[in-house]
file final.cif (mmCIF, C-alpha atoms and all ligand atoms)
data_query
loop_
_atom_site.group_PDB
_atom_site.id
_atom_site.type_symbol
_atom_site.label_atom_id
_atom_site.label_comp_id
_atom_site.auth_asym_id
_atom_site.auth_seq_id
_atom_site.Cartn_x
_atom_site.Cartn_y
_atom_site.Cartn_z
ATOM 1 C CA MET A 1 0.000 0.000 0.000
ATOM 2 C CA LEU A 2 1.339 3.449 -0.902
ATOM 3 C CA THR A 3 1.317 6.063 1.873
ATOM 4 C CA THR A 4 0.681 9.777 2.299
ATOM 5 C CA ASP A 5 3.330 12.266 1.155
ATOM 6 C CA SER A 6 3.102 14.962 3.820
ATOM 7 C CA ARG A 7 5.016 17.617 1.859
ATOM 8 C CA GLN A 8 2.683 17.128 -1.076
ATOM 9 C CA VAL A 9 -0.317 17.359 1.278
ATOM 10 C CA GLU A 10 0.987 20.737 2.486
ATOM 11 C CA ASP A 11 1.222 21.961 -1.134
ATOM 12 C CA TRP A 12 -2.323 20.742 -1.760
ATOM 13 C CA ARG A 13 -3.641 22.497 1.375
ATOM 14 C CA GLU A 14 -2.000 25.719 0.239
ATOM 15 C CA LEU A 15 -3.491 25.352 -3.258
ATOM 16 C CA ARG A 16 -6.951 24.709 -1.831
ATOM 17 C CA ALA A 17 -6.725 27.745 0.425
ATOM 18 C CA ARG A 18 -5.684 29.914 -2.530
ATOM 19 C CA LEU A 19 -8.475 28.516 -4.708
ATOM 20 C CA THR A 20 -11.043 29.166 -1.996
ATOM 21 C CA ALA A 21 -9.861 32.752 -1.527
ATOM 22 C CA SER A 22 -9.507 33.572 -5.246
ATOM 23 C CA ALA A 23 -11.859 35.297 -7.656
ATOM 24 C CA PRO A 24 -13.020 33.037 -10.547
ATOM 25 C CA ALA A 25 -10.389 34.228 -13.074
ATOM 26 C CA GLU A 26 -7.468 33.535 -10.724
ATOM 27 C CA ARG A 27 -9.094 30.271 -9.601
ATOM 28 C CA SER A 28 -9.309 29.080 -13.226
ATOM 29 C CA ARG A 29 -5.682 30.053 -13.812
ATOM 30 C CA LEU A 30 -4.550 27.998 -10.797
ATOM 31 C CA LEU A 31 -6.662 25.007 -11.843
ATOM 32 C CA ALA A 32 -5.315 25.241 -15.416
ATOM 33 C CA ASP A 33 -1.737 25.180 -14.064
ATOM 34 C CA THR A 34 -2.549 22.132 -11.947
ATOM 35 C CA ALA A 35 -4.228 20.339 -14.853
ATOM 36 C CA ARG A 36 -1.288 21.078 -17.156
ATOM 37 C CA ARG A 37 1.067 19.447 -14.655
ATOM 38 C CA THR A 38 -1.210 16.372 -14.579
ATOM 39 C CA ARG A 39 -1.317 16.189 -18.386
ATOM 40 C CA ARG A 40 2.497 16.389 -18.577
ATOM 41 C CA SER A 41 2.720 13.615 -16.014
ATOM 42 C CA VAL A 42 0.278 11.428 -17.999
ATOM 43 C CA VAL A 43 2.378 11.822 -21.158
ATOM 44 C CA GLN A 44 5.577 10.894 -19.308
ATOM 45 C CA MET A 45 4.020 7.909 -17.516
ATOM 46 C CA ILE A 46 2.562 6.426 -20.698
ATOM 47 C CA SER A 47 5.749 7.029 -22.644
ATOM 48 C CA LYS A 48 7.856 5.283 -19.981
ATOM 49 C CA ALA A 49 5.415 2.381 -19.508
ATOM 50 C CA GLY A 50 4.923 1.928 -23.254
ATOM 51 C CA GLN A 51 1.194 1.504 -22.638
ATOM 52 C CA GLY A 52 -1.850 3.365 -21.340
ATOM 53 C CA HIS A 53 -4.964 5.222 -22.448
ATOM 54 C CA ILE A 54 -3.796 8.715 -23.288
ATOM 55 C CA GLY A 55 -6.929 10.066 -25.035
ATOM 56 C CA GLY A 56 -9.337 9.403 -22.158
ATOM 57 C CA ASP A 57 -6.739 10.473 -19.564
ATOM 58 C CA LEU A 58 -6.535 13.878 -21.190
ATOM 59 C CA SER A 59 -10.312 14.300 -21.585
ATOM 60 C CA VAL A 60 -10.991 13.641 -17.888
ATOM 61 C CA THR A 61 -8.080 15.668 -16.452
ATOM 62 C CA ASP A 62 -9.970 18.929 -15.864
ATOM 63 C CA ILE A 63 -12.815 17.049 -14.144
ATOM 64 C CA LEU A 64 -10.362 15.253 -11.826
ATOM 65 C CA THR A 65 -8.380 18.419 -11.149
ATOM 66 C CA THR A 66 -11.467 20.433 -10.185
ATOM 67 C CA LEU A 67 -12.817 17.679 -7.951
ATOM 68 C CA PHE A 68 -9.606 16.967 -6.030
ATOM 69 C CA ALA A 69 -8.209 20.503 -5.875
ATOM 70 C CA TYR A 70 -11.463 22.306 -5.116
ATOM 71 C CA THR A 71 -14.686 20.348 -4.571
ATOM 72 C CA LEU A 72 -14.202 17.085 -2.691
ATOM 73 C CA ARG A 73 -14.343 17.215 1.117
ATOM 74 C CA ILE A 74 -11.327 15.002 1.719
ATOM 75 C CA ASP A 75 -8.120 14.890 3.722
ATOM 76 C CA PRO A 76 -5.318 13.140 1.804
ATOM 77 C CA ALA A 77 -3.460 12.728 5.113
ATOM 78 C CA GLN A 78 -6.411 10.623 6.354
ATOM 79 C CA PRO A 79 -7.606 8.660 3.310
ATOM 80 C CA ASP A 80 -10.077 6.611 5.371
ATOM 81 C CA LEU A 81 -11.600 9.541 7.270
ATOM 82 C CA ALA A 82 -15.233 8.795 8.174
ATOM 83 C CA GLY A 83 -17.717 10.977 6.325
ATOM 84 C CA ARG A 84 -15.292 11.913 3.523
ATOM 85 C CA ASP A 85 -16.691 12.486 0.058
ATOM 86 C CA ARG A 86 -16.092 9.514 -2.227
ATOM 87 C CA PHE A 87 -14.712 9.550 -5.768
ATOM 88 C CA ILE A 88 -14.811 6.623 -8.198
ATOM 89 C CA LEU A 89 -13.224 6.623 -11.637
ATOM 90 C CA SER A 90 -15.460 4.076 -13.312
ATOM 91 C CA LYS A 91 -13.529 4.452 -16.589
ATOM 92 C CA GLY A 92 -10.622 2.808 -14.791
ATOM 93 C CA HIS A 93 -8.515 2.528 -17.947
ATOM 94 C CA CYS A 94 -7.724 6.234 -17.372
ATOM 95 C CA ALA A 95 -5.695 5.323 -14.311
ATOM 96 C CA ALA A 96 -2.701 7.482 -15.279
ATOM 97 C CA ALA A 97 -4.763 10.674 -14.917
ATOM 98 C CA LEU A 98 -6.195 9.468 -11.598
ATOM 99 C CA TYR A 99 -2.781 8.445 -10.215
ATOM 100 C CA SER A 100 -1.233 11.791 -11.142
ATOM 101 C CA THR A 101 -4.138 13.640 -9.534
ATOM 102 C CA LEU A 102 -3.942 11.535 -6.361
ATOM 103 C CA ALA A 103 -0.165 12.006 -6.130
ATOM 104 C CA PHE A 104 -0.392 15.788 -6.534
ATOM 105 C CA THR A 105 -3.143 15.781 -3.869
ATOM 106 C CA GLY A 106 -0.687 14.059 -1.512
ATOM 107 C CA TYR A 107 -2.133 10.548 -1.210
ATOM 108 C CA PHE A 108 1.321 9.239 -2.207
ATOM 109 C CA SER A 109 4.605 10.540 -3.559
ATOM 110 C CA PRO A 110 4.691 11.782 -7.167
ATOM 111 C CA ALA A 111 8.019 9.902 -7.410
ATOM 112 C CA ALA A 112 5.987 6.655 -7.554
ATOM 113 C CA LEU A 113 4.356 7.774 -10.825
ATOM 114 C CA SER A 114 7.472 6.724 -12.759
ATOM 115 C CA THR A 115 6.700 3.080 -11.831
ATOM 116 C CA PHE A 116 3.341 3.143 -13.674
ATOM 117 C CA MET A 117 2.582 -0.384 -14.939
ATOM 118 C CA ALA A 118 6.062 -1.696 -14.101
ATOM 119 C CA PRO A 119 6.256 -5.214 -12.607
ATOM 120 C CA LEU A 120 5.456 -5.136 -8.842
ATOM 121 C CA SER A 121 4.369 -1.476 -8.925
ATOM 122 C CA GLU A 122 1.179 -0.610 -7.006
ATOM 123 C CA LEU A 123 0.248 1.595 -9.962
ATOM 124 C CA ASN A 124 -1.324 -1.036 -12.199
ATOM 125 C CA GLY A 125 -3.091 -0.339 -15.484
ATOM 126 C CA HIS A 126 -6.359 -0.107 -13.543
ATOM 127 C CA PRO A 127 -6.858 1.295 -9.997
ATOM 128 C CA ASN A 128 -6.752 -1.064 -7.004
ATOM 129 C CA ARG A 129 -8.062 0.150 -3.645
ATOM 130 C CA ASN A 130 -5.899 -2.341 -1.755
ATOM 131 C CA LYS A 131 -2.748 -0.705 -3.108
ATOM 132 C CA ILE A 132 -3.521 2.996 -3.518
ATOM 133 C CA PRO A 133 -4.936 5.369 -0.891
ATOM 134 C CA GLY A 134 -7.670 7.579 -2.317
ATOM 135 C CA VAL A 135 -8.983 4.798 -4.583
ATOM 136 C CA GLU A 136 -12.441 3.902 -3.235
ATOM 137 C CA THR A 137 -13.131 0.803 -5.314
ATOM 138 C CA ASN A 138 -11.362 -1.227 -7.989
ATOM 139 C CA THR A 139 -12.385 -0.385 -11.547
ATOM 140 C CA GLY A 140 -11.408 -1.439 -15.057
ATOM 141 C CA PRO A 141 -14.223 -3.664 -16.252
ATOM 142 C CA LEU A 142 -16.587 -0.952 -17.491
ATOM 143 C CA GLY A 143 -20.075 -0.576 -16.023
ATOM 144 C CA HIS A 144 -19.296 -1.198 -12.336
ATOM 145 C CA GLY A 145 -18.303 2.166 -10.862
ATOM 146 C CA LEU A 146 -21.766 3.718 -10.860
ATOM 147 C CA PRO A 147 -23.458 0.696 -9.209
ATOM 148 C CA VAL A 148 -20.810 0.790 -6.446
ATOM 149 C CA ALA A 149 -21.266 4.569 -6.102
ATOM 150 C CA VAL A 150 -25.008 4.030 -5.642
ATOM 151 C CA GLY A 151 -24.241 1.625 -2.792
ATOM 152 C CA GLN A 152 -21.887 4.160 -1.210
ATOM 153 C CA ALA A 153 -24.512 6.906 -1.537
ATOM 154 C CA VAL A 154 -27.107 4.658 0.143
ATOM 155 C CA ALA A 155 -24.611 3.965 2.952
ATOM 156 C CA ALA A 156 -23.973 7.694 3.394
ATOM 157 C CA LYS A 157 -27.717 8.269 3.731
ATOM 158 C CA LEU A 158 -28.151 5.422 6.216
ATOM 159 C CA THR A 159 -25.299 6.641 8.416
ATOM 160 C CA ARG A 160 -26.256 10.315 7.910
ATOM 161 C CA SER A 161 -22.578 11.035 7.264
ATOM 162 C CA GLY A 162 -23.288 13.903 4.870
ATOM 163 C CA ALA A 163 -20.815 12.435 2.358
ATOM 164 C CA ARG A 164 -21.369 13.000 -1.338
ATOM 165 C CA VAL A 165 -20.348 10.418 -3.914
ATOM 166 C CA PHE A 166 -18.883 11.443 -7.276
ATOM 167 C CA VAL A 167 -18.337 8.979 -10.111
ATOM 168 C CA VAL A 168 -17.023 9.432 -13.667
ATOM 169 C CA MET A 169 -18.100 7.166 -16.514
ATOM 170 C CA GLY A 170 -16.913 7.188 -20.109
ATOM 171 C CA ASP A 171 -19.581 7.887 -22.719
ATOM 172 C CA GLY A 172 -18.881 4.586 -24.490
ATOM 173 C CA GLU A 173 -19.180 2.985 -21.070
ATOM 174 C CA MET A 174 -22.816 4.136 -20.914
ATOM 175 C CA GLN A 175 -23.563 1.270 -23.320
ATOM 176 C CA GLU A 176 -23.246 -1.025 -20.287
ATOM 177 C CA GLY A 177 -26.798 -1.748 -19.065
ATOM 178 C CA SER A 178 -25.665 -1.862 -15.429
ATOM 179 C CA ASN A 179 -25.349 1.948 -15.512
ATOM 180 C CA TRP A 180 -29.010 2.364 -16.344
ATOM 181 C CA GLU A 181 -30.074 -0.102 -13.639
ATOM 182 C CA ALA A 182 -27.951 1.888 -11.182
ATOM 183 C CA LEU A 183 -29.580 5.168 -12.245
ATOM 184 C CA MET A 184 -33.036 3.688 -11.739
ATOM 185 C CA ALA A 185 -32.040 2.644 -8.217
ATOM 186 C CA ALA A 186 -30.423 6.037 -7.511
ATOM 187 C CA SER A 187 -33.595 7.837 -8.445
ATOM 188 C CA HIS A 188 -35.820 5.333 -6.625
ATOM 189 C CA PHE A 189 -33.855 5.870 -3.409
ATOM 190 C CA GLY A 190 -33.721 9.660 -3.855
ATOM 191 C CA LEU A 191 -29.908 9.736 -3.810
ATOM 192 C CA ASP A 192 -29.430 13.482 -4.075
ATOM 193 C CA ASN A 193 -25.922 12.934 -2.637
ATOM 194 C CA LEU A 194 -24.825 11.154 -5.846
ATOM 195 C CA VAL A 195 -23.141 12.989 -8.737
ATOM 196 C CA ALA A 196 -22.733 10.877 -11.885
ATOM 197 C CA ILE A 197 -20.484 12.524 -14.448
ATOM 198 C CA VAL A 198 -20.319 11.342 -18.061
ATOM 199 C CA ASP A 199 -17.041 12.216 -19.819
ATOM 200 C CA ARG A 200 -18.773 12.968 -23.120
ATOM 201 C CA ASN A 201 -15.813 12.919 -25.515
ATOM 202 C CA ARG A 202 -17.862 11.205 -28.248
ATOM 203 C CA LEU A 203 -15.193 8.562 -28.876
ATOM 204 C CA GLN A 204 -14.890 5.037 -27.537
ATOM 205 C CA GLN A 205 -12.205 2.421 -28.201
ATOM 206 C CA GLY A 206 -12.406 1.987 -31.951
ATOM 207 C CA ALA A 207 -14.946 4.506 -33.244
ATOM 208 C CA ARG A 208 -17.237 7.434 -32.455
ATOM 209 C CA THR A 209 -19.989 6.641 -29.939
ATOM 210 C CA GLU A 210 -22.744 7.856 -32.254
ATOM 211 C CA ASP A 211 -21.575 5.471 -35.010
ATOM 212 C CA THR A 212 -21.378 2.517 -32.614
ATOM 213 C CA ASN A 213 -24.515 2.725 -30.490
ATOM 214 C CA ALA A 214 -25.909 6.253 -30.368
ATOM 215 C CA LEU A 215 -26.249 7.804 -26.910
ATOM 216 C CA ASP A 216 -28.056 11.000 -27.832
ATOM 217 C CA PRO A 217 -30.272 12.517 -26.633
ATOM 218 C CA LEU A 218 -28.189 11.699 -23.538
ATOM 219 C CA ASP A 219 -29.556 14.583 -21.447
ATOM 220 C CA GLU A 220 -33.158 13.523 -22.073
ATOM 221 C CA ARG A 221 -32.355 9.886 -21.365
ATOM 222 C CA LEU A 222 -30.691 10.727 -18.046
ATOM 223 C CA ALA A 223 -33.631 12.950 -17.106
ATOM 224 C CA ALA A 224 -36.065 10.169 -18.006
ATOM 225 C CA PHE A 225 -34.201 7.907 -15.571
ATOM 226 C CA GLY A 226 -34.907 10.416 -12.798
ATOM 227 C CA CYS A 227 -31.770 12.558 -12.723
ATOM 228 C CA GLU A 228 -31.316 16.285 -12.368
ATOM 229 C CA VAL A 229 -29.233 16.858 -15.519
ATOM 230 C CA ARG A 230 -26.558 19.519 -15.922
ATOM 231 C CA GLU A 231 -24.790 19.795 -19.290
ATOM 232 C CA ILE A 232 -21.508 21.702 -19.384
ATOM 233 C CA ASP A 233 -18.164 22.198 -21.110
ATOM 234 C CA GLY A 234 -16.038 19.674 -19.215
ATOM 235 C CA HIS A 235 -12.909 21.807 -19.648
ATOM 236 C CA ASP A 236 -14.439 24.991 -18.167
ATOM 237 C CA TYR A 237 -13.452 25.195 -14.490
ATOM 238 C CA ASP A 238 -16.198 27.659 -13.515
ATOM 239 C CA ALA A 239 -18.810 25.443 -15.182
ATOM 240 C CA LEU A 240 -17.406 22.342 -13.453
ATOM 241 C CA ILE A 241 -17.423 23.997 -10.025
ATOM 242 C CA ASP A 242 -20.998 25.168 -10.567
ATOM 243 C CA ALA A 243 -22.147 21.754 -11.827
ATOM 244 C CA PHE A 244 -20.665 20.051 -8.738
ATOM 245 C CA ARG A 245 -22.955 22.050 -6.409
ATOM 246 C CA PRO A 246 -25.371 19.974 -4.329
ATOM 247 C CA SER A 247 -28.741 18.902 -5.697
ATOM 248 C CA THR A 248 -31.738 20.930 -4.590
ATOM 249 C CA THR A 249 -34.363 18.726 -6.244
ATOM 250 C CA GLY A 250 -33.965 15.566 -4.154
ATOM 251 C CA LYS A 251 -32.783 13.780 -7.301
ATOM 252 C CA PRO A 252 -29.362 12.338 -8.166
ATOM 253 C CA VAL A 253 -27.317 14.746 -10.283
ATOM 254 C CA ALA A 254 -26.117 13.622 -13.728
ATOM 255 C CA ILE A 255 -23.547 15.824 -15.435
ATOM 256 C CA VAL A 256 -22.969 15.581 -19.171
ATOM 257 C CA ALA A 257 -19.440 16.969 -19.400
ATOM 258 C CA ASN A 258 -18.709 17.696 -23.051
ATOM 259 C CA THR A 259 -14.995 17.102 -23.521
ATOM 260 C CA THR A 260 -12.360 16.544 -26.184
ATOM 261 C CA LYS A 261 -10.556 13.227 -26.116
ATOM 262 C CA GLY A 262 -6.812 13.994 -26.049
ATOM 263 C CA LYS A 263 -7.462 17.561 -24.796
ATOM 264 C CA GLY A 264 -4.357 19.741 -24.702
ATOM 265 C CA ILE A 265 -2.246 18.025 -27.362
ATOM 266 C CA SER A 266 -3.123 19.146 -30.884
ATOM 267 C CA PHE A 267 -2.180 15.954 -32.744
ATOM 268 C CA ILE A 268 -4.021 13.722 -30.225
ATOM 269 C CA GLU A 269 -7.254 15.718 -29.848
ATOM 270 C CA ASP A 270 -10.404 13.976 -31.135
ATOM 271 C CA ARG A 271 -8.446 11.222 -32.940
ATOM 272 C CA VAL A 272 -9.829 7.722 -32.428
ATOM 273 C CA GLU A 273 -6.431 6.000 -32.802
ATOM 274 C CA TRP A 274 -5.160 7.783 -29.673
ATOM 275 C CA HIS A 275 -7.479 5.775 -27.394
ATOM 276 C CA HIS A 276 -4.414 3.769 -26.417
ATOM 277 C CA LYS A 277 -1.631 4.669 -28.821
ATOM 278 C CA VAL A 278 1.753 5.424 -27.213
ATOM 279 C CA PRO A 279 3.602 8.588 -28.305
ATOM 280 C CA SER A 280 7.064 8.264 -29.857
ATOM 281 C CA ALA A 281 10.007 10.101 -28.265
ATOM 282 C CA GLU A 282 9.585 12.895 -30.804
ATOM 283 C CA GLN A 283 5.830 13.120 -30.115
ATOM 284 C CA VAL A 284 6.489 13.246 -26.363
ATOM 285 C CA GLU A 285 8.760 16.229 -26.919
ATOM 286 C CA LEU A 286 6.116 18.002 -29.012
ATOM 287 C CA ALA A 287 3.389 17.183 -26.473
ATOM 288 C CA LEU A 288 5.434 18.521 -23.547
ATOM 289 C CA GLU A 289 6.137 21.716 -25.488
ATOM 290 C CA GLU A 290 2.392 22.209 -26.009
ATOM 291 C CA LEU A 291 1.829 21.598 -22.290
ATOM 292 C CA ALA A 292 4.680 23.844 -21.146
HETATM 293 C C1 LIG A 301 -16.653 -4.581 -19.681
HETATM 294 C C2 LIG A 301 -15.527 -4.041 -20.508
HETATM 295 N N1 LIG A 301 -15.542 -4.215 -21.844
HETATM 296 C C3 LIG A 301 -14.531 -3.767 -22.603
HETATM 297 C C4 LIG A 301 -13.468 -3.116 -22.031
HETATM 298 C C5 LIG A 301 -12.306 -2.634 -22.879
HETATM 299 N N2 LIG A 301 -12.313 -1.179 -23.019
HETATM 300 C C6 LIG A 301 -11.454 -0.401 -22.312
HETATM 301 S S1 LIG A 301 -11.674 1.232 -22.616
HETATM 302 C C7 LIG A 301 -12.914 0.932 -23.725
HETATM 303 C C8 LIG A 301 -13.619 2.062 -24.420
HETATM 304 C C9 LIG A 301 -14.236 3.000 -23.454
HETATM 305 O O1 LIG A 301 -14.759 4.151 -24.090
HETATM 306 P P1 LIG A 301 -15.278 5.324 -23.207
HETATM 307 O O2 LIG A 301 -16.108 4.789 -22.111
HETATM 308 O O3 LIG A 301 -15.921 6.313 -24.097
HETATM 309 O O4 LIG A 301 -13.933 5.870 -22.538
HETATM 310 P P2 LIG A 301 -12.969 7.078 -22.997
HETATM 311 O O5 LIG A 301 -13.418 7.576 -24.323
HETATM 312 O O6 LIG A 301 -13.126 8.117 -21.949
HETATM 313 O O7 LIG A 301 -11.582 6.504 -23.024
HETATM 314 C C10 LIG A 301 -13.139 -0.448 -23.836
HETATM 315 C C11 LIG A 301 -14.136 -1.035 -24.736
HETATM 316 C C12 LIG A 301 -13.490 -2.944 -20.628
HETATM 317 N N3 LIG A 301 -12.518 -2.296 -19.971
HETATM 318 N N4 LIG A 301 -14.525 -3.403 -19.889
HETATM 319 MG MG MG A 302 -15.460 8.216 -24.675
#
call {"tool": "encode", "arguments": {"input": "final.cif", "output": "structure tokens"}}
result
Amino acid sequence: MLTTDSRQVEDWRELRARLTASAPAERSRLLADTARRTRRSVVQMISKAGQGHIGGDLSVTDILTTLFAYTLRIDPAQPDLAGRDRFILSKGHCAAALYSTLAFTGYFSPAALSTFMAPLSELNGHPNRNKIPGVETNTGPLGHGLPVAVGQAVAAKLTRSGARVFVVMGDGEMQEGSNWEALMAASHFGLDNLVAIVDRNRLQQGARTEDTNALDPLDERLAAFGCEVREIDGHDYDALIDAFRPSTTGKPVAIVANTTKGKGISFIEDRVEWHHKVPSAEQVELALEELA
């Protein structure tokens, strides 16, 4: 099991204090800096490991950054704190973005990121809660994160802990029927402490979602399953912060976060082949220049 990096926790506390005290423009600038560092880390991890899911890592980075830097009520020095908010990355193949975010939050040392997917590393291709603090459940097989999040939201209600549960699914992942069963249950139980975020990058593994098994009208479908739906630009920090506000309708919140797969690197953006292509040394150099 990896352990807390107290220096990193101090940096995170300072960042959170600055974010809380800042006006929106400065807040967005700080979040953009943090996200850029995560994107650089993702590129380096995948290049070193020779494997990974770069496109989806880069589409979800701003969502992860906003949650961990600003929104989630957590203490990385006490990963098991009772009553903490929960976060589940259901699209577990985007582990590199989650690991970088967790490391910069202080759950473990950023030095460990260089072991991504190496033999005996805790940082496997998909997140494991028995190895990594801050990971609330194992994910990788698509279609399981939201059902687990529903269980955690029920538990939070039963114990009156006040915890909120945030979960991110891929848009291709919404083809898994288990998600829709989970949404029915969430609405049946009035889980207004659940926030289900769809990373709507319009690409899945080998094609566009709408050419594979169309999801639209996604907002209407989520509403029909009993959710309070909020549709936003998933790279706009102000919009993300606003969309993460608590529900006032008694319903679970579903956020359609419109994103660009590969966001931040021009030659990777919105290109289906970059679902899990690995950049060459020359491409890594170009990518890091764009993220400088
Ligand atoms: C049950 C299951 N089937 C297949 C896979 C293999 N797989 C990994 S990622 C992926 C595509 C996911 O697309 P999407 O949910 O849109 O994720 P993103 O675009 O954010 O990478 C697939 C099919 C899996 N992990 N789990
Ligand atoms: Mg997708």
call {"tool": "resolve_selection", "arguments": {"input": "final.cif", "expression": "the PyMOL selection byres (((not hetatm)) within 7 of (chain A and resi 302))", "output": "number ranges by chain"}}
result
A: 56, 170-172, 199-204
call {"tool": "closest_atom_pairs", "arguments": {"input": "final.cif", "of": "chain A", "to": "ligand LIG 301 (chain A)", "cutoff": "9 Å", "atoms": "only C-alpha atoms and all ligand atoms", "output": "CSV"}}
result
residue,atom,partner,partner_atom,distance
A:His53,CA,A:LIG301,O7,6.8
A:Ile54,CA,A:LIG301,O7,8.1
A:Gly55,CA,A:LIG301,O7,6.2
A:Gly56,CA,A:LIG301,O7,3.8
A:Asp57,CA,A:LIG301,O7,7.2
A:Leu58,CA,A:LIG301,O6,8.8
A:Ser59,CA,A:LIG301,O6,6.8
A:Val60,CA,A:LIG301,O6,7.2
A:Ser90,CA,A:LIG301,O2,8.9
A:Lys91,CA,A:LIG301,O2,6.1
A:Gly92,CA,A:LIG301,N3,7.5
A:His93,CA,A:LIG301,S1,5.8
A:Cys94,CA,A:LIG301,O7,6.8
A:Thr139,CA,A:LIG301,N3,8.6
A:Gly140,CA,A:LIG301,N3,5.1
A:Pro141,CA,A:LIG301,N4,3.7
A:Leu142,CA,A:LIG301,N4,4.0
A:Gly143,CA,A:LIG301,C1,6.4
A:His144,CA,A:LIG301,C1,8.5
A:Met169,CA,A:LIG301,O2,6.4
A:Gly170,CA,A:LIG301,O2,3.2
A:Asp171,CA,A:LIG301,O3,4.2
A:Gly172,CA,A:LIG301,O3,3.4
A:Glu173,CA,A:LIG301,O2,3.7
A:Met174,CA,A:LIG301,O2,6.8
A:Gln175,CA,A:LIG301,O2,8.3
A:Glu176,CA,A:LIG301,C1,7.5
A:Val198,CA,A:LIG301,O2,8.8
A:Asp199,CA,A:LIG301,O6,6.1
A:Arg200,CA,A:LIG301,O3,7.3
A:Asn201,CA,A:LIG301,O5,6.0
A:Arg202,CA,A:LIG301,O3,6.7
A:Leu203,CA,A:LIG301,O5,5.0
A:Gln204,CA,A:LIG301,O1,3.6
A:Gln205,CA,A:LIG301,C8,4.1
A:Gly206,CA,A:LIG301,C8,7.6
A:Arg208,CA,A:LIG301,O3,8.5
A:Thr209,CA,A:LIG301,O3,7.1
A:Lys261,CA,A:LIG301,O5,6.6
A:Val272,CA,A:LIG301,O5,8.9
A:His275,CA,A:LIG301,O7,6.0
A:His276,CA,A:LIG301,O7,8.4
call {"tool": "closest_residue", "arguments": {"input": "final.cif", "among": "A:Ala69, A:Leu123, A:Ala223, A:Ala96", "to": "Ser28 of chain A", "atoms": "all atoms listed in the file"}}
result
A:Ala69
call {"tool": "atom_distance", "arguments": {"input": "final.cif", "atom1": "atom CA of Glu269 of chain A", "atom2": "atom CA of Trp180 of chain A"}}
result
28.9 Å
call {"tool": "residues_near_point", "arguments": {"input": "final.cif", "point": "(-5.5, 19.7, -28.6)", "cutoff": "12 Å", "atoms": "only C-alpha atoms", "output": "ChimeraX atom specification"}}
result
/A:39,55,58-59,235,259-271,274,286-287,290-291
call {"tool": "write_last_selection", "arguments": {"input": "final.cif", "atoms": "C-alpha atoms", "output": "mmCIF file, in the coordinates of the input"}}
result
data_model
loop_
_atom_site.group_PDB
_atom_site.id
_atom_site.type_symbol
_atom_site.label_atom_id
_atom_site.label_comp_id
_atom_site.auth_asym_id
_atom_site.auth_seq_id
_atom_site.Cartn_x
_atom_site.Cartn_y
_atom_site.Cartn_z
ATOM 1 C CA ARG A 39 -1.317 16.189 -18.386
ATOM 2 C CA GLY A 55 -6.929 10.066 -25.035
ATOM 3 C CA LEU A 58 -6.535 13.878 -21.190
ATOM 4 C CA SER A 59 -10.312 14.300 -21.585
ATOM 5 C CA HIS A 235 -12.909 21.807 -19.648
ATOM 6 C CA THR A 259 -14.995 17.102 -23.521
ATOM 7 C CA THR A 260 -12.360 16.544 -26.184
ATOM 8 C CA LYS A 261 -10.556 13.227 -26.116
ATOM 9 C CA GLY A 262 -6.812 13.994 -26.049
ATOM 10 C CA LYS A 263 -7.462 17.561 -24.796
ATOM 11 C CA GLY A 264 -4.357 19.741 -24.702
ATOM 12 C CA ILE A 265 -2.246 18.025 -27.362
ATOM 13 C CA SER A 266 -3.123 19.146 -30.884
ATOM 14 C CA PHE A 267 -2.180 15.954 -32.744
ATOM 15 C CA ILE A 268 -4.021 13.722 -30.225
ATOM 16 C CA GLU A 269 -7.254 15.718 -29.848
ATOM 17 C CA ASP A 270 -10.404 13.976 -31.135
ATOM 18 C CA ARG A 271 -8.446 11.222 -32.940
ATOM 19 C CA TRP A 274 -5.160 7.783 -29.673
ATOM 20 C CA LEU A 286 6.116 18.002 -29.012
ATOM 21 C CA ALA A 287 3.389 17.183 -26.473
ATOM 22 C CA GLU A 290 2.392 22.209 -26.009
ATOM 23 C CA LEU A 291 1.829 21.598 -22.290
#
call {"tool": "residues_near_point", "arguments": {"input": "final.cif", "point": "(-10.8, 15.7, 3.0)", "cutoff": "12 Å", "atoms": "all atoms listed in the file", "output": "ChimeraX atom specification"}}
result
/A:9,12-13,16,67-87,105-107,134,163-164
call {"tool": "write_last_selection", "arguments": {"input": "final.cif", "atoms": "C-alpha atoms", "output": "compact mmCIF listing (two decimals), in the coordinates of the input"}}
result
# COMPACT_ATOMS: atom_id res chain seq x y z
CA VAL A 9 -0.32 17.36 1.28
CA TRP A 12 -2.32 20.74 -1.76
CA ARG A 13 -3.64 22.50 1.38
CA ARG A 16 -6.95 24.71 -1.83
CA LEU A 67 -12.82 17.68 -7.95
CA PHE A 68 -9.61 16.97 -6.03
CA ALA A 69 -8.21 20.50 -5.88
CA TYR A 70 -11.46 22.31 -5.12
CA THR A 71 -14.69 20.35 -4.57
CA LEU A 72 -14.20 17.08 -2.69
CA ARG A 73 -14.34 17.22 1.12
CA ILE A 74 -11.33 15.00 1.72
CA ASP A 75 -8.12 14.89 3.72
CA PRO A 76 -5.32 13.14 1.80
CA ALA A 77 -3.46 12.73 5.11
CA GLN A 78 -6.41 10.62 6.35
CA PRO A 79 -7.61 8.66 3.31
CA ASP A 80 -10.08 6.61 5.37
CA LEU A 81 -11.60 9.54 7.27
CA ALA A 82 -15.23 8.80 8.17
CA GLY A 83 -17.72 10.98 6.32
CA ARG A 84 -15.29 11.91 3.52
CA ASP A 85 -16.69 12.49 0.06
CA ARG A 86 -16.09 9.51 -2.23
CA PHE A 87 -14.71 9.55 -5.77
CA THR A 105 -3.14 15.78 -3.87
CA GLY A 106 -0.69 14.06 -1.51
CA TYR A 107 -2.13 10.55 -1.21
CA GLY A 134 -7.67 7.58 -2.32
CA ALA A 163 -20.82 12.44 2.36
CA ARG A 164 -21.37 13.00 -1.34
